[in-house]
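Engineer: Handing over input_32.txt, compact mmCIF, C-alpha atoms and all ligand atoms.
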```txt
# COMPACT_ATOMS: atom_id res chain seq x y z
CA GLY A 1401 -32.00 65.76 140.41
CA LYS A 1402 -29.49 63.72 142.36
CA SER A 1403 -26.61 64.54 139.96
CA GLY A 1404 -25.48 60.91 139.78
CA TYR A 1405 -25.62 60.25 143.53
CA ASP A 1406 -27.81 57.37 144.75
CA HIS A 1407 -29.48 59.62 147.30
CA TYR A 1408 -30.04 63.30 147.95
CA MET A 1409 -28.44 62.80 151.34
CA LEU A 1410 -25.08 61.84 149.82
CA LYS A 1411 -25.32 64.65 147.28
CA GLU A 1412 -25.98 67.12 150.07
CA ILE A 1413 -23.11 65.75 152.18
CA TYR A 1414 -20.81 66.34 149.18
CA GLU A 1415 -22.22 69.85 148.69
CA GLN A 1416 -20.96 70.98 152.08
CA PRO A 1417 -17.77 72.75 150.97
CA GLN A 1418 -19.89 74.85 148.63
CA ALA A 1419 -22.60 75.36 151.27
CA ILE A 1420 -20.02 76.70 153.73
CA ARG A 1421 -18.52 78.94 151.06
CA GLN A 1422 -21.98 80.44 150.58
CA SER A 1423 -22.59 80.72 154.34
CA THR A 1424 -19.38 82.67 154.83
CA ARG A 1425 -19.48 84.78 151.65
CA GLY A 1426 -19.22 88.48 152.45
CA ARG A 1427 -19.04 87.67 156.16
CA ILE A 1428 -15.27 87.19 156.53
CA LEU A 1429 -13.30 90.41 156.07
CA GLU A 1430 -9.75 89.14 155.63
CA LEU A 1431 -8.01 92.51 155.43
CA ASP A 1432 -9.88 93.87 158.40
CA GLY A 1433 -9.36 90.70 160.45
CA SER A 1434 -13.04 90.70 161.32
CA VAL A 1435 -16.21 88.73 160.81
CA THR A 1436 -19.46 90.48 160.00
CA LEU A 1437 -23.17 89.88 159.47
CA PRO A 1438 -24.45 92.73 157.31
CA ASP A 1439 -28.04 91.48 157.78
CA LEU A 1440 -27.95 91.84 161.54
CA PRO A 1441 -28.76 95.46 162.50
CA GLU A 1442 -26.01 97.12 164.54
CA SER A 1443 -28.63 98.20 167.10
CA ILE A 1444 -29.42 94.54 167.86
CA VAL A 1445 -25.72 93.72 168.28
CA GLU A 1446 -25.35 96.65 170.69
CA GLU A 1447 -28.43 95.82 172.76
CA THR A 1448 -27.66 92.12 173.13
CA ASP A 1449 -26.29 91.14 176.54
CA ARG A 1450 -27.42 87.51 176.53
CA VAL A 1451 -28.87 84.94 174.17
CA GLN A 1452 -31.58 82.30 174.31
CA PHE A 1453 -31.59 79.78 171.47
CA VAL A 1454 -34.76 77.88 170.51
CA ALA A 1455 -34.73 75.02 168.00
CA CYS A 1456 -35.61 71.36 167.34
CA GLY A 1457 -33.75 68.23 166.26
CA SER A 1458 -30.49 68.78 164.45
CA SER A 1459 -31.00 72.53 164.61
CA TYR A 1460 -31.16 72.22 168.40
CA TYR A 1461 -27.77 70.49 168.39
CA ALA A 1462 -26.41 73.32 166.25
CA THR A 1463 -27.61 75.73 168.95
CA GLN A 1464 -25.89 73.69 171.66
CA TYR A 1465 -22.69 74.04 169.69
CA GLY A 1466 -23.35 77.76 169.19
CA ALA A 1467 -24.08 78.25 172.88
CA ALA A 1468 -20.72 76.74 173.80
CA LEU A 1469 -19.02 79.23 171.47
CA LEU A 1470 -21.00 82.20 172.81
CA ARG A 1471 -20.38 81.31 176.45
CA GLU A 1472 -16.68 80.96 175.73
CA ARG A 1473 -16.80 84.54 174.52
CA GLY A 1474 -18.43 85.71 177.74
CA ILE A 1475 -22.00 85.98 176.44
CA PRO A 1476 -24.44 84.23 178.80
CA THR A 1477 -26.39 81.82 176.60
CA GLN A 1478 -29.13 79.26 177.15
CA THR A 1479 -30.50 76.68 174.72
CA PHE A 1480 -34.08 75.40 174.69
CA VAL A 1481 -35.77 72.63 172.81
CA ALA A 1482 -38.44 74.82 171.20
CA SER A 1483 -41.35 72.58 172.27
CA ASP A 1484 -40.26 73.01 175.89
CA TYR A 1485 -39.60 76.74 175.81
CA ASP A 1486 -41.72 78.41 178.46
CA VAL A 1487 -41.48 82.19 178.69
CA GLU A 1488 -43.51 82.16 181.90
CA ARG A 1489 -41.05 80.03 183.78
CA ILE A 1490 -37.84 81.30 182.21
CA PRO A 1491 -38.21 85.07 182.50
CA LEU A 1492 -36.62 87.18 179.80
CA GLU A 1493 -34.15 89.65 181.21
CA SER A 1494 -33.72 92.86 179.26
CA GLY A 1495 -31.01 92.62 176.62
CA THR A 1496 -31.97 89.04 175.74
CA LEU A 1497 -31.84 88.15 172.05
CA VAL A 1498 -33.98 85.10 171.28
CA VAL A 1499 -32.53 83.24 168.32
CA GLY A 1500 -34.60 80.63 166.49
CA VAL A 1501 -32.47 78.28 164.41
CA THR A 1502 -34.55 76.44 161.80
CA GLN A 1503 -33.56 75.13 158.40
CA SER A 1504 -37.09 75.25 156.99
CA GLY A 1505 -38.27 78.31 158.89
CA GLU A 1506 -41.61 76.49 159.19
CA THR A 1507 -41.17 74.20 162.21
CA ALA A 1508 -44.29 74.75 164.32
CA ASP A 1509 -42.53 74.27 167.67
CA THR A 1510 -39.83 76.80 166.81
CA LEU A 1511 -42.30 79.33 165.42
CA GLY A 1512 -44.38 78.93 168.59
CA ALA A 1513 -41.39 79.65 170.83
CA LEU A 1514 -40.39 82.68 168.74
CA ARG A 1515 -43.95 84.04 168.91
CA ASP A 1516 -44.02 83.59 172.70
CA ALA A 1517 -40.69 85.41 173.00
CA ASN A 1518 -41.94 88.17 170.76
CA ARG A 1519 -45.12 88.60 172.82
CA ALA A 1520 -43.00 88.74 175.99
CA GLY A 1521 -41.12 91.70 174.48
CA ALA A 1522 -37.87 90.04 173.43
CA THR A 1523 -35.96 90.88 170.27
CA THR A 1524 -36.04 87.87 167.96
CA LEU A 1525 -33.63 86.68 165.30
CA ALA A 1526 -34.28 83.92 162.75
CA VAL A 1527 -31.32 81.86 161.56
CA THR A 1528 -32.82 79.97 158.64
CA ASN A 1529 -32.19 78.52 155.19
CA VAL A 1530 -35.45 79.41 153.50
CA VAL A 1531 -35.94 82.91 152.16
CA ALA A 1532 -39.21 84.55 153.23
CA SER A 1533 -40.11 81.55 155.42
CA SER A 1534 -42.46 82.14 158.36
CA ALA A 1535 -39.53 82.48 160.78
CA ALA A 1536 -37.86 85.01 158.49
CA ARG A 1537 -41.05 87.02 158.14
CA GLU A 1538 -41.99 87.03 161.80
CA CYS A 1539 -38.68 87.81 163.51
CA ASP A 1540 -37.15 91.24 164.06
CA ALA A 1541 -34.14 90.23 161.98
CA THR A 1542 -33.04 87.30 159.83
CA VAL A 1543 -29.66 85.81 159.06
CA TYR A 1544 -29.69 83.25 156.24
CA ILE A 1545 -27.46 80.19 156.47
CA ARG A 1546 -27.43 79.92 152.64
CA ALA A 1547 -26.94 76.14 152.48
CA GLY A 1548 -29.02 75.85 149.30
CA PRO A 1549 -32.10 73.60 149.00
CA GLU A 1550 -32.01 70.47 151.16
CA ILE A 1551 -34.24 67.59 150.02
CA SER A 1552 -33.15 64.68 152.22
CA VAL A 1553 -35.17 64.42 155.44
CA ALA A 1554 -31.91 63.98 157.36
CA ALA A 1555 -30.31 67.40 157.77
CA THR A 1556 -26.69 67.49 156.59
CA LYS A 1557 -25.43 70.58 154.80
CA SER A 1558 -27.95 72.74 156.65
CA PHE A 1559 -26.40 71.59 159.94
CA ALA A 1560 -22.89 72.48 158.74
CA SER A 1561 -24.10 75.86 157.52
CA GLN A 1562 -25.86 76.44 160.84
CA GLN A 1563 -22.64 75.64 162.68
CA ALA A 1564 -20.70 78.10 160.51
CA THR A 1565 -23.38 80.75 160.91
CA VAL A 1566 -23.63 80.49 164.71
CA ALA A 1567 -19.81 80.67 164.85
CA ILE A 1568 -20.04 83.90 162.84
CA LEU A 1569 -22.84 85.15 165.11
CA ALA A 1570 -20.69 84.42 168.17
CA SER A 1571 -17.84 86.39 166.60
CA VAL A 1572 -20.06 89.34 165.71
CA LEU A 1573 -21.61 89.56 169.18
CA ASP A 1574 -18.15 89.29 170.70
CA GLY A 1575 -16.57 91.88 168.37
CA ARG A 1576 -12.96 90.94 169.18
CA ARG A 1577 -10.26 91.71 166.58
CA PRO A 1578 -8.42 90.06 165.03
CA ASN A 1579 -11.18 87.53 165.12
CA PRO A 1580 -9.86 84.17 166.34
CA PHE A 1581 -12.27 82.17 164.11
CA LEU A 1582 -11.25 83.88 160.89
CA GLY A 1583 -8.67 81.38 159.66
CA GLY A 1584 -10.69 78.37 160.77
CA LEU A 1585 -13.82 79.60 159.00
CA ARG A 1586 -11.90 80.34 155.83
CA ASP A 1587 -10.36 76.84 155.81
CA LEU A 1588 -13.59 74.93 156.49
CA PRO A 1589 -14.49 74.25 152.82
CA SER A 1590 -11.07 72.74 152.03
CA ASP A 1591 -10.96 70.84 155.36
CA ILE A 1592 -14.37 69.31 154.60
CA GLN A 1593 -13.31 68.57 151.02
CA ARG A 1594 -10.33 66.65 152.35
CA VAL A 1595 -12.61 64.50 154.49
CA LEU A 1596 -14.91 63.85 151.52
CA ASP A 1597 -11.95 62.87 149.33
CA THR A 1598 -10.29 60.55 151.84
CA SER A 1599 -12.95 59.18 154.20
CA ASN A 1600 -12.90 55.46 154.91
CA ALA A 1601 -16.37 55.63 156.52
CA ARG A 1602 -17.81 53.27 153.91
CA GLU A 1603 -15.37 50.48 154.80
CA ILE A 1604 -15.92 51.02 158.51
CA ALA A 1605 -19.71 51.02 158.10
CA ALA A 1606 -19.47 47.57 156.48
CA GLU A 1607 -17.61 46.32 159.58
CA ILE A 1608 -19.98 47.71 162.20
CA VAL A 1609 -23.31 47.30 160.43
CA ASP A 1610 -24.41 44.33 162.50
CA ALA A 1611 -24.83 45.86 165.96
CA ASP A 1612 -27.27 46.07 168.87
CA ALA A 1613 -26.78 49.82 169.29
CA TYR A 1614 -24.35 52.63 168.53
CA PHE A 1615 -22.98 55.07 171.08
CA PHE A 1616 -21.38 58.40 170.29
CA ILE A 1617 -19.24 60.24 172.83
CA GLY A 1618 -17.61 63.68 172.83
CA ARG A 1619 -16.65 66.45 175.21
CA GLY A 1620 -17.12 70.22 175.07
CA TYR A 1621 -17.69 71.46 171.52
CA GLN A 1622 -17.91 67.83 170.38
CA TRP A 1623 -20.76 66.86 172.71
CA PRO A 1624 -23.46 68.33 170.40
CA VAL A 1625 -21.77 66.57 167.47
CA ALA A 1626 -22.03 63.25 169.34
CA LEU A 1627 -25.78 63.92 169.74
CA GLU A 1628 -26.10 64.85 166.07
CA GLY A 1629 -24.16 61.75 164.97
CA ALA A 1630 -26.52 59.55 166.97
CA LEU A 1631 -29.62 61.29 165.61
CA LYS A 1632 -28.41 60.81 162.02
CA MET A 1633 -27.67 57.14 162.70
CA LYS A 1634 -31.10 56.44 164.21
CA GLU A 1635 -33.05 58.41 161.59
CA ILE A 1636 -31.70 56.62 158.55
CA THR A 1637 -30.60 53.15 159.81
CA TYR A 1638 -33.45 52.57 162.35
CA ALA A 1639 -30.80 51.21 164.70
CA HIS A 1640 -30.71 52.36 168.29
CA ALA A 1641 -28.14 55.11 168.71
CA GLU A 1642 -27.38 57.48 171.56
CA GLY A 1643 -24.98 60.32 172.12
CA PHE A 1644 -23.42 61.15 175.48
CA PRO A 1645 -20.96 63.61 176.89
CA ALA A 1646 -17.94 61.30 177.20
CA GLY A 1647 -17.69 61.78 180.97
CA GLU A 1648 -21.25 60.54 181.53
CA LEU A 1649 -20.60 57.03 180.23
CA LYS A 1650 -19.43 55.73 183.58
CA HIS A 1651 -22.50 57.19 185.30
CA GLY A 1652 -24.84 54.68 183.68
CA PRO A 1653 -24.67 54.06 179.94
CA LEU A 1654 -21.53 51.93 180.39
CA ALA A 1655 -23.86 49.16 181.58
CA LEU A 1656 -25.08 48.84 177.99
CA VAL A 1657 -21.65 48.55 176.41
CA THR A 1658 -20.79 45.11 174.93
CA GLU A 1659 -18.96 43.63 171.93
CA ARG A 1660 -22.15 44.37 169.99
CA THR A 1661 -22.30 48.12 170.66
CA PRO A 1662 -19.80 50.08 168.58
CA VAL A 1663 -18.69 53.29 170.30
CA VAL A 1664 -17.81 56.27 168.14
CA ALA A 1665 -15.53 58.65 170.06
CA LEU A 1666 -14.77 62.22 169.01
CA VAL A 1667 -11.22 62.79 170.16
CA THR A 1668 -10.12 66.34 169.36
CA GLY A 1669 -9.35 69.45 171.36
CA SER A 1670 -6.70 70.45 173.88
CA ASN A 1671 -4.39 67.79 175.30
CA GLU A 1672 -6.30 67.80 178.56
CA VAL A 1673 -9.66 67.17 176.86
CA VAL A 1674 -8.14 64.52 174.60
CA GLU A 1675 -6.56 62.73 177.56
CA LYS A 1676 -9.85 62.52 179.41
CA THR A 1677 -11.73 61.23 176.38
CA VAL A 1678 -8.97 58.69 175.78
CA GLY A 1679 -9.63 57.46 179.32
CA ASN A 1680 -13.31 56.99 178.42
CA VAL A 1681 -12.35 55.12 175.26
CA ARG A 1682 -10.26 52.72 177.37
CA GLU A 1683 -13.32 52.04 179.55
CA VAL A 1684 -15.41 50.88 176.58
CA GLU A 1685 -12.54 49.07 174.92
CA SER A 1686 -12.01 46.90 177.97
CA ARG A 1687 -15.68 45.83 177.66
CA GLY A 1688 -14.93 44.63 174.15
CA ALA A 1689 -16.83 47.34 172.26
CA PRO A 1690 -15.61 48.05 168.73
CA VAL A 1691 -14.13 51.55 168.90
CA VAL A 1692 -14.28 54.08 166.08
CA VAL A 1693 -12.20 57.17 166.81
CA VAL A 1694 -12.71 60.42 164.92
CA THR A 1695 -9.59 62.47 165.42
CA ASP A 1696 -7.22 65.14 164.15
CA SER A 1697 -4.25 63.48 165.89
CA PRO A 1698 -4.30 59.85 164.71
CA GLU A 1699 -0.70 59.25 165.79
CA ASP A 1700 -1.75 59.73 169.44
CA VAL A 1701 -4.95 57.70 169.47
CA ALA A 1702 -4.80 55.11 166.68
CA HIS A 1703 -3.51 52.44 169.08
CA LEU A 1704 -6.76 52.72 171.04
CA ALA A 1705 -9.10 52.23 168.15
CA ASP A 1706 -10.33 49.45 165.91
CA PHE A 1707 -11.11 52.06 163.26
CA VAL A 1708 -9.90 55.62 162.72
CA LEU A 1709 -11.73 58.41 160.89
CA GLU A 1710 -9.23 61.19 160.37
CA VAL A 1711 -9.93 64.90 160.04
CA PRO A 1712 -7.48 67.72 159.24
CA GLU A 1713 -6.23 69.83 162.10
CA THR A 1714 -7.96 73.18 162.41
CA ASN A 1715 -9.17 75.65 165.03
CA PRO A 1716 -10.42 73.46 167.95
CA ALA A 1717 -13.65 75.47 168.06
CA LEU A 1718 -14.39 74.74 164.39
CA VAL A 1719 -13.18 71.16 164.07
CA PRO A 1720 -16.68 69.93 165.15
CA VAL A 1721 -17.98 71.07 161.74
CA VAL A 1722 -15.45 68.76 160.10
CA THR A 1723 -15.75 65.76 162.44
CA ASN A 1724 -19.51 65.82 161.90
CA VAL A 1725 -18.99 65.11 158.19
CA GLN A 1726 -17.34 61.79 159.09
CA LEU A 1727 -20.38 60.91 161.25
CA GLN A 1728 -22.75 61.79 158.40
CA LEU A 1729 -20.82 59.46 156.09
CA LEU A 1730 -20.76 56.70 158.71
CA ALA A 1731 -24.54 56.90 159.15
CA TYR A 1732 -25.11 57.11 155.40
CA TRP A 1733 -23.00 54.05 154.53
CA THR A 1734 -24.44 52.04 157.42
CA ALA A 1735 -27.97 52.77 156.18
CA TYR A 1736 -26.81 51.97 152.64
CA GLU A 1737 -25.56 48.54 153.78
CA LEU A 1738 -28.98 47.96 155.35
CA ASP A 1739 -30.75 49.10 152.19
CA ARG A 1740 -32.88 51.66 154.01
CA PRO A 1741 -34.94 54.33 152.20
CA ILE A 1742 -32.31 56.90 153.14
CA ASP A 1743 -33.88 60.10 151.85
CA LYS A 1744 -37.33 59.40 153.30
CA PRO A 1745 -37.13 57.48 156.57
CA ARG A 1746 -40.38 56.02 157.87
CA ASN A 1747 -42.54 58.24 160.10
CA LEU A 1748 -40.53 61.41 159.44
CA ALA A 1749 -41.20 64.57 157.43
CA LYS A 1750 -38.74 67.17 156.18
CA SER A 1751 -40.61 69.98 157.81
CA VAL A 1752 -42.66 69.39 160.95
CA THR A 1753 -45.52 71.86 160.84
CA VAL A 1754 -47.55 70.50 163.79
CA GLU A 1755 -46.80 71.05 167.49
O1 LIG A 1801 -36.44 72.93 159.72
P1 LIG A 1801 -35.90 72.79 161.11
O2 LIG A 1801 -34.42 73.03 161.17
O3 LIG A 1801 -36.63 73.65 162.09
O4 LIG A 1801 -36.15 71.27 161.50
C1 LIG A 1801 -35.85 70.83 162.80
C2 LIG A 1801 -35.89 69.32 162.88
O5 LIG A 1801 -37.16 68.82 162.54
C3 LIG A 1801 -34.83 68.66 161.96
O6 LIG A 1801 -33.55 69.13 162.24
C4 LIG A 1801 -34.86 67.14 162.13
O7 LIG A 1801 -34.39 66.78 163.40
C5 LIG A 1801 -34.02 66.49 161.02
N1 LIG A 1801 -34.75 65.42 160.40
C6 LIG A 1801 -32.69 65.97 161.50
O8 LIG A 1801 -31.98 65.28 160.53
```
Translate the structure of the given file into structure tokens.
Ligand code: M6R
Structural biologist:
Amino acid sequence: GKSGYDHYMLKEIYEQPQAIRQSTRGRILELDGSVTLPDLPESIVEETDRVQFVACGSSYYATQYGAALLRERGIPTQTFVASDYDVERIPLESGTLVVGVTQSGETADTLGALRDANRAGATTLAVTNVVASSAARECDATVYIRAGPEISVAATKSFASQQATVAILASVLDGRRPNPFLGGLRDLPSDIQRVLDTSNAREIAAEIVDADAYFFIGRGYQWPVALEGALKMKEITYAHAEGFPAGELKHGPLALVTERTPVVALVTGSNEVVEKTVGNVREVESRGAPVVVVTDSPEDVAHLADFVLEVPETNPALVPVVTNVQLQLLAYWTAYELDRPIDKPRNLAKSVTVE
């Protein structure tokens, strides 16, 4: 059941600390200073020189986040929307690990891409939530995200668990010790709990519910989170929402910005990244757009924003897992204001088993 929550989506948002605890269990070796994936054969780790991710929807955004982490660790990585993956045109070099990220393990597009990769001779890895799903059965190896069952059509805890799992995968393929993600991964459950306990997303949602469109902007690791925030908003509110890399605004989308288009800006990261995003926030503010800033340094950016969604400070590479929780809550409470059928949006299915 919904354990007292109005919707499965909210229940699953609140289950995220526990979901992350499960995702990381047995995979963080504190004493050793390392991160491990016992389910990933050592031979695959050794043979992997580069990675191709294939996925759809939210899972695709999780792979974009994962790819940024892998590239930062010197592992050449590409991401493909599974329905557009074409082994003929994107030749597989030897040493390529093809990683399908899929909550259900049954998404036809993702299974199709994994089968193509397999036929072309690549080693395949499934990163999935569902034990013995088609993806798990068909790939050379499987790493479970262990988010627990997800009922709501809108992916929430599965996305967080995918983010944590691809961060662990990046660490394992990189092999560096002490692992720089260790502390951040360990703190994720309590960081997310703090957001759940203190978020003012409900109040903000009530203020921005009447809008023509919503824009989400972020740079670097936060770009995929901006895309995910927009997807969540459009799925459950039916409002138009779009995510952009913050720097792209001025190359076109800025023409759409008015007093009736709230802009949600993810402002975290190094000073340099923050400064640039702050510049983008000024551009939309001067067009009169209501600005919602999601940030770990409210003292520096609060003056820019109409509304602030605060997150605890953590490893800059892992803070996107936490900021995303604020975007989930913002979408949820906006849809709630609009009285939408949150768990079962029109036209959508939990698992898309046709190509
Ligand atoms: O089961 P999968 O992770 O393969 O599903 C992929 C997408 O269909 C899924 O993430 C979809 O975009 C969600 N409804 C997003 O909330």
Engineer: Could you list, as a count of residues only, all protein and nucleic acid residues with an atom at most 8 Å from ligand LIG 1801 (chain A), counting only C-alpha atoms and all ligand atoms?
Structural biologist: 29
Engineer: Quick one: axis-aligned box around all listed atoms of range 1548-1563 of chain A, 3 Å on every side, centre and edge lengths in Å to one decimal, written as AutoDock Vina command-line options.
Structural biologist:
```
--center_x -28.9 --center_y 70.2 --center_z 155.8 --size_x 18.5 --size_y 18.5 --size_z 19.7
```
Engineer: May I ask for the distance between CA of Asn1518 in chain A and CA of Leu1497 in chain A, given in Å to one decimal place?
Structural biologist: 10.2 Å
Engineer: For Leu1569 in chain A, find every residue with an atom within 9 Å (counting all atoms listed in the file), except residues of its own chain fewer than 2 positions away, and show them as a short mmCIF file (atom, residue, chain, number, x, y, z; two decimals) with C-alpha atoms, in the frame of the given file.
Structural biologist:
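To be explicit, this is the file written out as part.cif:
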```cif
data_model
loop_
_atom_site.label_atom_id
_atom_site.label_comp_id
_atom_site.auth_asym_id
_atom_site.auth_seq_id
_atom_site.Cartn_x
_atom_site.Cartn_y
_atom_site.Cartn_z
CA VAL A 1435 -16.21 88.73 160.81
CA THR A 1436 -19.46 90.48 160.00
CA LEU A 1437 -23.17 89.88 159.47
CA GLY A 1466 -23.35 77.76 169.19
CA LEU A 1470 -21.00 82.20 172.81
CA ALA A 1564 -20.70 78.10 160.51
CA THR A 1565 -23.38 80.75 160.91
CA VAL A 1566 -23.63 80.49 164.71
CA ALA A 1567 -19.81 80.67 164.85
CA SER A 1571 -17.84 86.39 166.60
CA VAL A 1572 -20.06 89.34 165.71
CA LEU A 1573 -21.61 89.56 169.18
CA ASP A 1574 -18.15 89.29 170.70
#
```
Engineer: Please report the interatomic distance between CA of Gln1622 in chain A and CA of Asn1747 in chain A in Å with one decimal.
Structural biologist: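 Straight-line distance from CA of Gln1622 in chain A to CA of Asn1747 in chain A works out to 28.4 Å.
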Engineer: Would you compute the distance between CA of Gln1418 in chain A and CA of Ala1717 in chain A? Give it in Å to one decimal.
Structural biologist: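 Separation of CA of Gln1418 in chain A and CA of Ala1717 in chain A: 20.4 Å.
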Engineer: Nearest to Pro1549 in chain A: which of A:Gly1500, A:Gly1401, A:Pro1712, A:Gly1643 is it, counting all atoms listed in the file?
Structural biologist: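 Smallest distance to Pro1549 in chain A is found for A:Gly1401.
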Engineer: What's the 8 Å shell around Arg1602 in chain A, counting only C-alpha atoms, without same-chain residues fewer than 6 positions away, as an NGL selection string?
Structural biologist: :A and (1729-1730 or 1733-1734)
Engineer: Measuring between only C-alpha atoms, which one of A:Ala1655, A:Val1663, A:Val1678, A:Val1721 shows the shortest distance to His1703 in chain A?
Structural biologist: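 Using only C-alpha atoms, His1703 in chain A sits closest to A:Val1678.
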